[in-house]
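Printed here is my_file-v8.cif (mmCIF, C-alpha atoms):
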data_model
loop_
_atom_site.label_atom_id
_atom_site.label_comp_id
_atom_site.auth_asym_id
_atom_site.auth_seq_id
_atom_site.Cartn_x
_atom_site.Cartn_y
_atom_site.Cartn_z
CA MET A 1 24.61 -7.70 -1.85
CA ALA A 2 20.93 -8.22 -2.61
CA GLU A 3 19.94 -9.14 0.93
CA LEU A 4 17.56 -7.59 3.39
CA LYS A 5 19.64 -5.89 6.07
CA GLN A 6 20.06 -2.47 7.64
CA ARG A 7 22.02 0.01 5.54
CA THR A 8 23.15 3.61 5.89
CA LEU A 9 22.28 6.18 3.26
CA GLU A 10 25.73 5.88 1.72
CA GLU A 11 25.47 2.08 1.63
CA VAL A 12 22.08 2.27 -0.06
CA LYS A 13 23.36 4.78 -2.61
CA ALA A 14 26.20 2.39 -3.42
CA LEU A 15 23.79 -0.44 -4.37
CA SER A 16 23.69 -1.46 -8.00
CA GLN A 17 20.40 -1.18 -9.85
CA GLU A 18 20.22 -4.96 -10.08
CA ASP A 19 20.70 -5.44 -6.32
CA ALA A 20 18.18 -2.74 -5.42
CA VAL A 21 15.60 -4.30 -7.74
CA GLU A 22 16.19 -7.74 -6.25
CA ILE A 23 15.84 -6.40 -2.70
CA MET A 24 12.44 -4.92 -3.64
CA ARG A 25 11.43 -8.25 -5.18
CA GLN A 26 12.50 -10.32 -2.20
CA ALA A 27 10.87 -7.88 0.25
CA GLY A 28 7.51 -8.23 -1.48
CA VAL A 29 7.03 -4.63 -2.62
CA VAL A 30 4.09 -4.14 -4.98
CA GLY A 31 1.85 -1.20 -5.77
CA ALA A 32 0.10 -0.49 -2.48
CA GLY A 33 -3.07 0.56 -4.26
CA GLY A 34 -4.82 -0.05 -7.56
CA GLY A 35 -3.86 -3.28 -9.26
CA GLY A 36 -0.82 -4.14 -7.14
CA PHE A 37 1.68 -4.20 -10.02
CA PRO A 38 5.09 -5.50 -8.86
CA THR A 39 7.15 -2.41 -8.04
CA TYR A 40 10.51 -4.02 -8.65
CA PHE A 41 9.71 -4.51 -12.34
CA LYS A 42 9.28 -0.77 -12.90
CA TYR A 43 12.87 -0.21 -11.85
CA LYS A 44 14.29 -2.77 -14.24
CA ASN A 45 13.76 0.01 -16.77
CA PRO A 46 14.21 3.22 -14.73
CA GLN A 47 13.09 6.53 -16.19
CA PRO A 48 14.26 10.14 -15.75
CA ASN A 49 11.19 11.21 -13.75
CA LEU A 50 9.84 9.69 -10.55
CA ILE A 51 6.26 10.86 -10.00
CA VAL A 52 5.14 10.44 -6.38
CA ASN A 53 1.38 10.04 -6.23
CA CYS A 54 0.47 11.95 -3.05
CA THR A 55 -3.16 12.43 -4.06
CA GLU A 56 -5.42 10.36 -1.84
CA SER A 57 -7.39 8.35 -4.37
CA GLU A 58 -10.74 8.35 -2.52
CA PRO A 59 -12.90 10.73 -0.46
CA GLY A 60 -12.42 10.26 3.26
CA TYR A 61 -8.88 8.84 3.04
CA TRP A 62 -6.06 10.05 5.31
CA ALA A 63 -3.50 7.23 5.40
CA ASP A 64 -1.17 8.41 2.62
CA LYS A 65 -1.06 11.95 4.01
CA MET A 66 -0.26 10.58 7.47
CA ILE A 67 2.54 8.47 6.01
CA HIS A 68 4.20 11.60 4.64
CA ARG A 69 3.82 13.42 7.94
CA GLU A 70 5.21 10.57 10.04
CA TYR A 71 8.02 9.55 7.69
CA PHE A 72 9.13 12.90 6.26
CA ASP A 73 12.87 12.34 6.85
CA GLU A 74 12.67 8.83 5.44
CA PHE A 75 11.17 10.09 2.19
CA LEU A 76 13.97 12.65 1.80
CA GLU A 77 16.60 9.94 2.27
CA LEU A 78 14.80 7.70 -0.19
CA TYR A 79 14.61 10.42 -2.87
CA GLU A 80 18.36 10.97 -2.57
CA ALA A 81 19.03 7.24 -2.78
CA MET A 82 16.74 6.63 -5.74
CA LYS A 83 18.46 9.40 -7.69
CA ALA A 84 21.84 7.85 -7.00
CA ILE A 85 20.87 4.24 -7.76
CA PHE A 86 18.59 4.69 -10.75
CA GLY A 87 19.83 7.95 -12.26
CA ILE A 88 16.49 9.66 -11.67
CA GLU A 89 16.71 13.31 -12.70
CA ARG A 90 13.51 14.70 -11.19
CA VAL A 91 11.41 13.59 -8.23
CA ILE A 92 8.01 15.26 -8.50
CA MET A 93 5.37 15.02 -5.79
CA GLY A 94 1.81 15.44 -7.06
CA VAL A 95 -0.31 16.96 -4.27
CA HIS A 96 -3.96 18.05 -4.27
CA PHE A 97 -4.48 21.82 -3.87
CA LYS A 98 -6.69 21.11 -0.84
CA ASP A 99 -3.73 19.40 0.84
CA GLU A 100 -1.26 22.22 0.19
CA GLU A 101 -1.03 23.18 3.86
CA TRP A 102 -0.69 19.54 4.91
CA PHE A 103 2.41 19.19 2.71
CA SER A 104 3.82 22.63 3.52
CA ARG A 105 6.88 21.12 5.19
CA TYR A 106 7.86 19.67 1.83
CA ASP A 107 7.42 23.08 0.17
CA GLU A 108 9.86 24.56 2.67
CA ASN A 109 12.57 21.89 2.32
CA THR A 110 12.88 21.10 -1.39
CA ASP A 111 16.52 22.24 -1.77
CA GLY A 112 16.60 20.89 -5.34
CA LEU A 113 16.07 17.29 -4.22
CA TYR A 114 12.44 17.12 -5.34
CA GLU A 115 9.59 19.30 -6.57
CA VAL A 116 6.03 19.71 -5.30
CA VAL A 117 3.33 20.26 -7.93
CA HIS A 118 -0.24 20.97 -6.90
CA VAL A 119 -2.96 19.33 -8.97
CA PRO A 120 -6.77 19.73 -9.14
CA ASP A 121 -8.84 18.43 -6.23
CA LYS A 122 -10.36 15.59 -8.19
CA TYR A 123 -10.45 11.89 -7.41
CA SER A 124 -9.10 10.19 -10.51
CA MET A 125 -9.11 6.75 -8.87
CA GLY A 126 -5.33 6.57 -8.83
CA GLU A 127 -5.10 7.00 -12.58
CA GLU A 128 -1.42 7.52 -13.39
CA LYS A 129 -2.01 9.14 -16.77
CA THR A 130 -4.31 11.78 -15.27
CA LEU A 131 -1.76 12.62 -12.59
CA ILE A 132 1.01 12.96 -15.17
CA LYS A 133 -1.15 15.21 -17.33
CA ASN A 134 -1.85 17.46 -14.34
CA VAL A 135 1.78 17.51 -13.20
CA PHE A 136 2.98 18.44 -16.70
CA TYR A 137 -0.02 20.58 -17.55
CA GLU A 138 1.93 22.85 -19.90
CA GLU A 139 4.37 20.22 -21.21
CA LYS A 140 2.28 18.06 -23.49
CA ASP A 141 5.36 16.25 -24.79
CA LYS A 142 5.55 14.62 -21.34
CA TRP A 143 1.98 13.30 -21.42
CA VAL A 144 1.54 9.56 -21.82
CA PRO A 145 0.66 8.73 -25.45
CA ARG A 146 -2.72 7.18 -26.06
CA ARG A 147 -1.24 4.40 -28.20
CA VAL A 148 2.25 3.13 -28.95
CA GLU A 149 3.07 1.35 -32.18
CA MET A 150 4.98 -1.91 -31.79
CA PRO A 151 7.67 -3.26 -34.16
CA ASP A 152 5.20 -5.76 -35.64
CA GLY A 153 2.78 -2.97 -36.53
CA SER A 154 0.35 -3.63 -33.69
CA LYS A 155 -0.47 -1.01 -31.08
CA ARG A 156 -0.72 -1.08 -27.30
CA PRO A 157 -1.96 1.48 -24.77
CA GLY A 158 0.65 4.01 -23.73
CA LEU A 159 2.42 3.62 -20.39
CA PRO A 160 4.17 6.17 -18.14
CA LEU A 161 7.56 4.80 -19.21
CA ASP A 162 6.75 5.78 -22.80
CA ALA A 163 6.90 9.40 -21.64
CA GLY A 164 9.91 8.96 -19.34
CA HIS A 165 8.12 8.45 -16.01
CA VAL A 166 7.89 5.95 -13.17
CA VAL A 167 4.87 6.50 -10.91
CA ASN A 168 4.71 5.18 -7.35
CA ASN A 169 2.22 5.87 -4.60
CA SER A 170 3.38 6.94 -1.17
CA GLU A 171 3.12 3.62 0.67
CA SER A 172 4.93 1.74 -2.10
CA LEU A 173 7.85 4.16 -1.72
CA LEU A 174 7.82 3.78 2.06
CA ASN A 175 8.01 0.01 1.54
CA ILE A 176 11.00 0.53 -0.76
CA TYR A 177 12.63 2.62 1.97
CA ASN A 178 12.02 -0.08 4.58
CA ALA A 179 13.49 -2.76 2.33
CA LEU A 180 16.60 -0.84 1.26
CA PHE A 181 17.41 0.95 4.53
CA LYS A 182 15.88 -1.22 7.27
CA GLY A 183 16.03 -4.66 5.70
CA ARG A 184 12.33 -4.90 6.50
CA PRO A 185 9.95 -6.90 4.26
CA VAL A 186 6.33 -5.98 3.59
CA THR A 187 4.18 -7.53 6.33
CA THR A 188 1.63 -4.80 7.03
CA LYS A 189 -0.70 -2.39 5.26
CA TYR A 190 -1.64 1.16 6.21
CA LEU A 191 -5.38 1.60 5.81
CA GLN A 192 -8.49 3.30 7.06
CA VAL A 193 -11.71 1.80 8.45
CA PHE A 194 -14.60 4.26 8.16
CA GLY A 195 -18.21 4.75 7.23
CA PRO A 196 -21.14 7.18 7.48
CA ASP A 197 -21.82 5.96 11.01
CA LEU A 198 -18.28 4.88 11.90
CA PRO A 199 -15.59 7.40 12.87
CA LEU A 200 -12.38 6.96 10.90
CA LYS A 201 -9.68 4.72 12.34
CA LEU A 202 -6.18 4.46 10.88
CA TYR A 203 -4.40 1.14 11.26
CA GLU A 204 -1.15 -0.51 10.41
CA ALA A 205 -2.75 -3.92 9.92
CA PRO A 206 -1.07 -7.27 9.27
CA LEU A 207 -1.46 -8.48 5.70
CA GLY A 208 -4.15 -11.13 5.58
CA ALA A 209 -5.95 -9.88 8.69
CA SER A 210 -9.74 -10.35 8.85
CA ALA A 211 -11.89 -7.36 7.90
CA THR A 212 -14.49 -8.51 10.43
CA GLU A 213 -11.87 -8.52 13.16
CA LEU A 214 -10.75 -4.99 12.19
CA LEU A 215 -14.36 -3.82 12.41
CA GLN A 216 -14.67 -5.33 15.88
CA LEU A 217 -11.51 -3.52 16.95
CA SER A 218 -13.03 -0.33 15.50
CA GLY A 219 -16.06 -0.64 17.75
CA VAL A 220 -18.58 -2.30 15.42
CA ASP A 221 -20.93 -4.75 17.15
CA VAL A 222 -20.70 -7.39 14.41
CA GLU A 223 -23.30 -9.65 15.98
CA ALA A 224 -25.87 -6.85 16.33
CA GLU A 225 -25.16 -5.49 12.82
CA ALA A 226 -25.09 -8.88 11.07
CA GLY A 227 -27.02 -8.77 7.80
CA LYS A 228 -27.38 -4.98 7.92
CA LEU A 229 -24.00 -3.77 6.65
CA SER A 230 -21.69 -4.27 3.69
CA VAL A 231 -17.93 -3.87 3.87
CA ILE A 232 -16.34 -2.32 0.78
CA ASP A 233 -12.64 -2.96 0.07
CA GLY A 234 -11.74 0.55 -1.05
CA GLY A 235 -13.56 3.86 -1.06
CA PRO A 236 -16.73 5.30 -2.57
CA TYR A 237 -15.42 5.25 -6.16
CA LEU A 238 -12.78 2.58 -6.72
CA ASN A 239 -13.50 -0.60 -4.82
CA GLU A 240 -14.41 -4.25 -4.73
CA MET A 241 -17.06 -5.89 -2.60
CA GLY A 242 -15.40 -7.14 0.55
CA ILE A 243 -18.29 -8.54 2.60
CA GLU A 244 -21.68 -8.20 0.95
CA SER A 245 -23.52 -8.99 4.16
CA LEU A 246 -21.65 -8.58 7.44
CA GLY A 247 -21.63 -11.84 9.35
CA GLU A 248 -21.70 -13.95 6.19
CA GLY A 249 -18.21 -14.70 4.94
CA ASP A 250 -15.21 -12.43 5.40
CA ALA A 251 -12.65 -10.30 3.58
CA TYR A 252 -8.95 -9.93 4.27
CA VAL A 253 -6.37 -7.17 4.18
CA ARG A 254 -4.65 -7.40 0.81
CA ARG A 255 -1.47 -5.74 -0.41
CA THR A 256 -3.73 -3.28 -2.26
CA THR A 257 -6.34 -2.68 0.48
CA ASN A 258 -6.40 1.03 1.25
CA GLY A 259 -9.54 1.01 3.33
CA PHE A 260 -12.67 -0.75 4.47
CA LEU A 261 -15.77 1.39 3.92
CA VAL A 262 -18.69 0.22 6.07
CA ILE A 263 -22.09 1.14 4.58
CA PRO A 264 -25.70 -0.04 4.82
CA LYS A 265 -26.30 -3.22 2.86
CA GLY A 266 -27.84 -2.64 -0.55
CA VAL A 267 -26.75 1.00 -0.88
CA ALA A 268 -24.35 1.90 -3.71
CA SER A 269 -20.92 2.99 -2.49
CA LYS A 270 -20.98 6.11 -4.71
CA GLU A 271 -23.78 7.42 -2.52
CA TYR A 272 -20.97 8.27 -0.08
CA ALA A 273 -18.79 10.24 -2.52
CA GLY A 274 -19.30 13.29 -0.30
CA ILE A 275 -18.30 11.54 2.92
CA LYS A 276 -16.37 13.67 5.39
CA THR A 277 -13.96 12.13 7.86
CA ARG A 278 -11.89 13.54 10.70
CA LEU A 279 -8.28 12.62 11.25
CA PRO A 280 -8.11 10.63 14.50
CA ASP A 281 -5.93 12.21 17.18
CA GLU A 282 -3.97 9.00 17.69
CA GLY A 283 -2.87 8.62 14.07
CA PHE A 284 -1.97 5.06 13.12
CA VAL A 285 -2.66 2.26 15.59
CA SER A 286 -0.55 -0.85 15.04
CA LEU A 287 -2.43 -4.15 15.05
CA VAL A 288 0.70 -6.28 14.77
CA GLY A 289 0.35 -9.09 17.29
CA LYS A 290 -3.26 -8.13 18.00
CA VAL A 291 -5.19 -10.21 15.46
CA SER A 292 -6.15 -13.85 15.87
CA GLY A 293 -5.12 -15.04 12.41
CA VAL A 294 -4.15 -14.11 8.88
CA ASN A 295 -4.66 -15.53 5.40
CA LEU A 296 -1.63 -14.65 3.28
CA PRO A 297 -1.67 -15.09 -0.52
CA LEU A 298 1.49 -16.46 -2.09
CA GLY A 299 0.58 -14.75 -5.37
CA GLY A 300 -1.81 -12.10 -6.57
CA ARG A 301 -3.38 -10.45 -9.58
CA PHE A 302 -0.12 -10.05 -11.51
CA LEU A 303 1.94 -12.46 -9.43
CA LYS A 304 2.94 -16.07 -9.89
CA PRO A 305 2.62 -17.80 -6.51
CA ALA A 306 5.81 -17.98 -4.48
CA THR A 307 7.09 -21.41 -3.46
CA PRO A 308 6.06 -22.19 0.15
CA LEU A 309 8.97 -22.50 2.56
CA ILE A 310 6.81 -23.86 5.36
CA SER A 311 4.42 -26.76 5.93
CA GLU A 312 1.13 -27.14 7.72
CA GLY A 313 1.69 -27.32 11.47
CA ASP A 314 4.93 -25.31 11.43
CA GLU A 315 5.45 -22.56 13.98
CA VAL A 316 6.48 -19.26 12.39
CA GLU A 317 7.86 -15.99 13.72
CA TYR A 318 6.74 -12.53 12.72
CA ALA A 319 8.53 -11.40 9.51
CA GLN A 320 9.79 -14.92 8.81
CA LYS A 321 10.09 -15.65 5.11
CA ILE A 322 7.43 -18.17 4.14
CA GLY A 323 7.45 -17.90 0.33
CA GLU A 324 10.35 -17.83 -2.14
CA PRO A 325 9.67 -15.99 -5.41
CA VAL A 326 9.76 -18.12 -8.55
CA ASP A 327 11.80 -17.13 -11.59
CA GLU A 328 8.96 -17.37 -14.10
CA GLY A 329 6.85 -14.23 -14.57
CA PHE A 330 6.25 -11.73 -11.79
CA SER A 331 6.81 -13.13 -8.30
CA ILE A 332 7.75 -11.72 -4.89
CA GLY A 333 8.91 -12.92 -1.50
CA VAL A 334 6.19 -13.54 1.08
CA TRP A 335 6.75 -13.00 4.80
CA ALA A 336 4.71 -13.97 7.86
CA SER A 337 2.61 -11.05 9.11
CA MET A 338 2.11 -12.61 12.54
CA GLU A 339 3.60 -15.17 14.89
CA GLY A 340 1.71 -18.42 15.14
CA THR A 341 1.00 -21.83 13.64
CA VAL A 342 0.55 -22.55 9.94
CA SER A 343 -2.97 -23.98 10.05
CA SER A 344 -3.34 -24.60 6.31
CA ILE A 345 -1.78 -24.08 2.88
CA LYS A 346 -4.52 -24.26 0.30
CA ASP A 347 -5.16 -22.58 -3.06
CA ASP A 348 -1.90 -20.62 -2.66
CA ILE A 349 -3.12 -19.12 0.63
CA VAL A 350 -1.12 -19.61 3.83
CA ALA A 351 -3.31 -19.43 6.94
CA ILE A 352 -1.57 -18.63 10.23
CA SER A 353 -3.43 -18.73 13.53
CA GLY A 354 -2.71 -18.16 17.19
CA GLY A 355 0.10 -16.12 18.63
CA ALA A 356 -2.11 -13.08 19.28
CA MET A 357 -3.64 -11.69 22.45
CA PRO A 358 -7.34 -12.38 23.06
CA GLN A 359 -9.76 -10.17 21.09
CA GLU A 360 -11.07 -8.17 24.05
CA GLU A 361 -7.56 -7.57 25.37
CA ALA A 362 -6.44 -6.50 21.89
CA ARG A 363 -9.31 -4.03 21.67
CA LYS A 364 -8.50 -2.55 25.05
CA GLU A 365 -4.82 -2.19 24.13
CA ALA A 366 -5.72 -0.55 20.80
CA GLU A 367 -7.97 1.90 22.67
CA ALA A 368 -5.25 2.58 25.22
CA GLU A 369 -2.71 3.25 22.47
CA ALA A 370 -5.21 5.59 20.80
CA SER A 371 -5.66 7.57 24.02
CA ARG A 372 -1.91 8.17 24.50
#
How would this structure read if it were set down as structure tokens?
Amino acid sequence: MAELKQRTLEEVKALSQEDAVEIMRQAGVVGAGGGGFPTYFKYKNPQPNLIVNCTESEPGYWADKMIHREYFDEFLELYEAMKAIFGIERVIMGVHFKDEEWFSRYDENTDGLYEVVHVPDKYSMGEEKTLIKNVFYEEKDKWVPRRVEMPDGSKRPGLPLDAGHVVNNSESLLNIYNALFKGRPVTTKYLQVFGPDLPLKLYEAPLGASATELLQLSGVDVEAEAGKLSVIDGGPYLNEMGIESLGEGDAYVRRTTNGFLVIPKGVASKEYAGIKTRLPDEGFVSLVGKVSGVNLPLGGRFLKPATPLISEGDEVEYAQKIGEPVDEGFSIGVWASMEGTVSSIKDDIVAISGGAMPQEEARKEAEAEASR
């Protein structure tokens, strides 16, 4: 039963908890932002409340909001299925007040399936405890405890499950939907490329794609700007340095990459906390099949590396399984995010090259898709 294949709503609702969890694990679903905690593990101990984090975690972001607009019906099906499989009693969507109109369709179609709660327009860097406190503003018994005493007398920081909650962000839930309903593994990431001098672009980018290549597709003259720009993996507040000096080294789309912020080299990212961006008319542009190579990690921050199922020199298809999760610790299935040749397997990174259209042709096709 725990296989990736297409299923109807009734077939998904009939899955056991164990099979649904294993499908998430095999599909490679992890937290699509923050630390990338393995999503499947949260549902090994399901809780009464599912908190959907709909609050974009950084100024200038649009991707999560666009996901909800483009996949509205899918989210409704998923909420129904998650209630049936995991016994979830309440699905609560936490939405910024400023985005109330954007999510108005949800307000009009709740029908007891879920609730929409509006929370302050603050960027809490994806902090789950803050979101829960705002969602249950008048129900302090549902706040996450600061500390939890363990049987041996020691204490650990409180977790959402200690207060009866599972928290997922929007893209993680969409990936669960794709795995359970479509039999589709995680091979891409929804993200934004933007900056003070770079209009926002929204992409569905292959995991492991080059940040430099995404900038080129976004219209950045990398050669002319070499040494002048830094590329931040994230937004103004919560981020890691991607490329300190454009043209020297590279960064890659990770399972947790929500955006690439392009700023002048040497300037602190928080200087752009007030950045304003405009939603592009074209919405998401898919870059599947339009990048020249990817570097796919078999593991990650919390993850034990999957066992490679391929060897150097092998030809792989898009969405072919290339890593089998190990039984020890947290581990997930890994799937090829492009068609091509395995050029190397080193330090638990699988590099795939070729199989994509030439860069200039890819840029022209991306621009043509954006104009439609």
For A:Asp73: contacts at 12 Å, only C-alpha atoms, fewer than 4 positions along chain excluded, given as a list in words:
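Close residues of A:Asp73: Leu9, Ile67, His68, Arg69, Glu77, Leu78, Tyr79, Glu80, Arg105, Tyr106, Asn109, Leu174 and Tyr177 of chain A.
If you measure from each of A:Ser337, A:Gln6, A:Thr130, A:Ser343 to A:Ile51 using all atoms listed in the file, the closest one turns out to be A:Thr130.
The result of the PyMOL selection byres ((chain A and resi 339) around 9) on the shown file is A:Gly289, A:Glu315, A:Val316, A:Glu317, A:Tyr318, A:Ala319, A:Gln320, A:Ala336, A:Ser337, A:Met338, A:Gly340, A:Thr341, A:Ile352, A:Ser353, A:Gly354, A:Gly355, A:Ala356.
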On this file, the PyMOL selection byres ((chain A and resi 276) around 8) gives some set of residues; write that set as number ranges by chain.
A: 59-60, 274-275, 277-278
Evaluate the PyMOL selection byres ((chain A and resi 33) around 8) and report residues as a PDB file with C-alpha atoms, in the coordinates of the input:
ATOM      1  CA  GLY A  31       1.850  -1.200  -5.770  1.00  0.00           C
ATOM      2  CA  ALA A  32       0.100  -0.490  -2.480  1.00  0.00           C
ATOM      3  CA  GLY A  34      -4.820  -0.050  -7.560  1.00  0.00           C
ATOM      4  CA  GLY A  35      -3.860  -3.280  -9.260  1.00  0.00           C
ATOM      5  CA  GLY A  36      -0.820  -4.140  -7.140  1.00  0.00           C
ATOM      6  CA  GLY A 126      -5.330   6.570  -8.830  1.00  0.00           C
ATOM      7  CA  ASN A 169       2.220   5.870  -4.600  1.00  0.00           C
ATOM      8  CA  ARG A 255      -1.470  -5.740  -0.410  1.00  0.00           C
ATOM      9  CA  THR A 256      -3.730  -3.280  -2.260  1.00  0.00           C
ATOM     10  CA  THR A 257      -6.340  -2.680   0.480  1.00  0.00           C
ATOM     11  CA  ASN A 258      -6.400   1.030   1.250  1.00  0.00           C
TER      12      ASN A 258
END
Separation of atom CA of A:Val262 from atom CA of A:Ser230, in Å and rounded to one decimal:
5.9 Å
Interatomic distance between atom CA of A:Ala205 and atom CA of A:Ser344?
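Taking atom CA of A:Ala205 as the start and atom CA of A:Ser344 as the end point, the length is 21.0 Å.
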List the spatial neighbours of A:Leu113 as a PDB file with C-alpha atoms, in the coordinates of the input - criterion: any atom at most 12 Å away, only C-alpha atoms, same-chain residues fewer than 3 positions off excluded.
ATOM      1  CA  LEU A  50       9.840   9.690 -10.550  1.00  0.00           C
ATOM      2  CA  PHE A  75      11.170  10.090   2.190  1.00  0.00           C
ATOM      3  CA  LEU A  76      13.970  12.650   1.800  1.00  0.00           C
ATOM      4  CA  GLU A  77      16.600   9.940   2.270  1.00  0.00           C
ATOM      5  CA  LEU A  78      14.800   7.700  -0.190  1.00  0.00           C
ATOM      6  CA  TYR A  79      14.610  10.420  -2.870  1.00  0.00           C
ATOM      7  CA  GLU A  80      18.360  10.970  -2.570  1.00  0.00           C
ATOM      8  CA  ALA A  81      19.030   7.240  -2.780  1.00  0.00           C
ATOM      9  CA  MET A  82      16.740   6.630  -5.740  1.00  0.00           C
ATOM     10  CA  LYS A  83      18.460   9.400  -7.690  1.00  0.00           C
ATOM     11  CA  ALA A  84      21.840   7.850  -7.000  1.00  0.00           C
ATOM     12  CA  ILE A  88      16.490   9.660 -11.670  1.00  0.00           C
ATOM     13  CA  GLU A  89      16.710  13.310 -12.700  1.00  0.00           C
ATOM     14  CA  ARG A  90      13.510  14.700 -11.190  1.00  0.00           C
ATOM     15  CA  VAL A  91      11.410  13.590  -8.230  1.00  0.00           C
ATOM     16  CA  ILE A  92       8.010  15.260  -8.500  1.00  0.00           C
ATOM     17  CA  MET A  93       5.370  15.020  -5.790  1.00  0.00           C
ATOM     18  CA  TYR A 106       7.860  19.670   1.830  1.00  0.00           C
ATOM     19  CA  ASP A 107       7.420  23.080   0.170  1.00  0.00           C
ATOM     20  CA  GLU A 108       9.860  24.560   2.670  1.00  0.00           C
ATOM     21  CA  ASN A 109      12.570  21.890   2.320  1.00  0.00           C
ATOM     22  CA  THR A 110      12.880  21.100  -1.390  1.00  0.00           C
ATOM     23  CA  VAL A 116       6.030  19.710  -5.300  1.00  0.00           C
TER      24      VAL A 116
END
Between atom CA of A:Ile263 and atom CA of A:Cys54, distance in Å (one decimal):
26.2 Å
For A:Arg254, find every residue with an atom within 12 Å (counting only C-alpha atoms), except residues of its own chain fewer than 5 positions away, and show them as a ChimeraX atom specification.
/A:30-36,186-191,205-211,233-234,240,242,259-260,294-301,337,349
Choose the residue, out of A:Ser269, A:Asn49, A:Gln216, A:Asn178, that has the smallest atom-to-atom separation from A:His165; count all atoms listed in the file.
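Closest to A:His165 of all the choices is A:Asn49.
For the residues A:Leu309, A:Val350, A:Leu214, A:Ala273, ranking by smallest atom-to-atom distance to A:Val291 using all atoms listed in the file places A:Leu214 first.
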Contacts of A:Ala268 at 12 Å or less, counting only C-alpha atoms, minus same-chain residues fewer than 2 places along, as a list in words?
Leu229, Ser230, Val231, Ile232, Gly235, Pro236, Tyr237, Leu238, Asn239, Glu240, Met241, Glu244, Leu261, Val262, Ile263, Pro264, Lys265, Gly266, Lys270, Glu271, Tyr272 and Ala273 of chain A
Using all atoms listed in the file, which of A:Val342, A:Val222, A:Leu279, A:Leu215 sits nearest A:Glu312?
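Once distances to A:Glu312 are computed over all atoms listed in the file, the minimum belongs to A:Val342.
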Among listed residues A:Asp121, A:Glu22, A:Glu128, A:Glu115, nearest A:His96 (using all atoms listed in the file):
A:Asp121
Which of A:Leu131, A:Ala351, A:Lys13, A:Gln26 sits closest to A:Ile310 [using all atoms listed in the file]:
A:Ala351
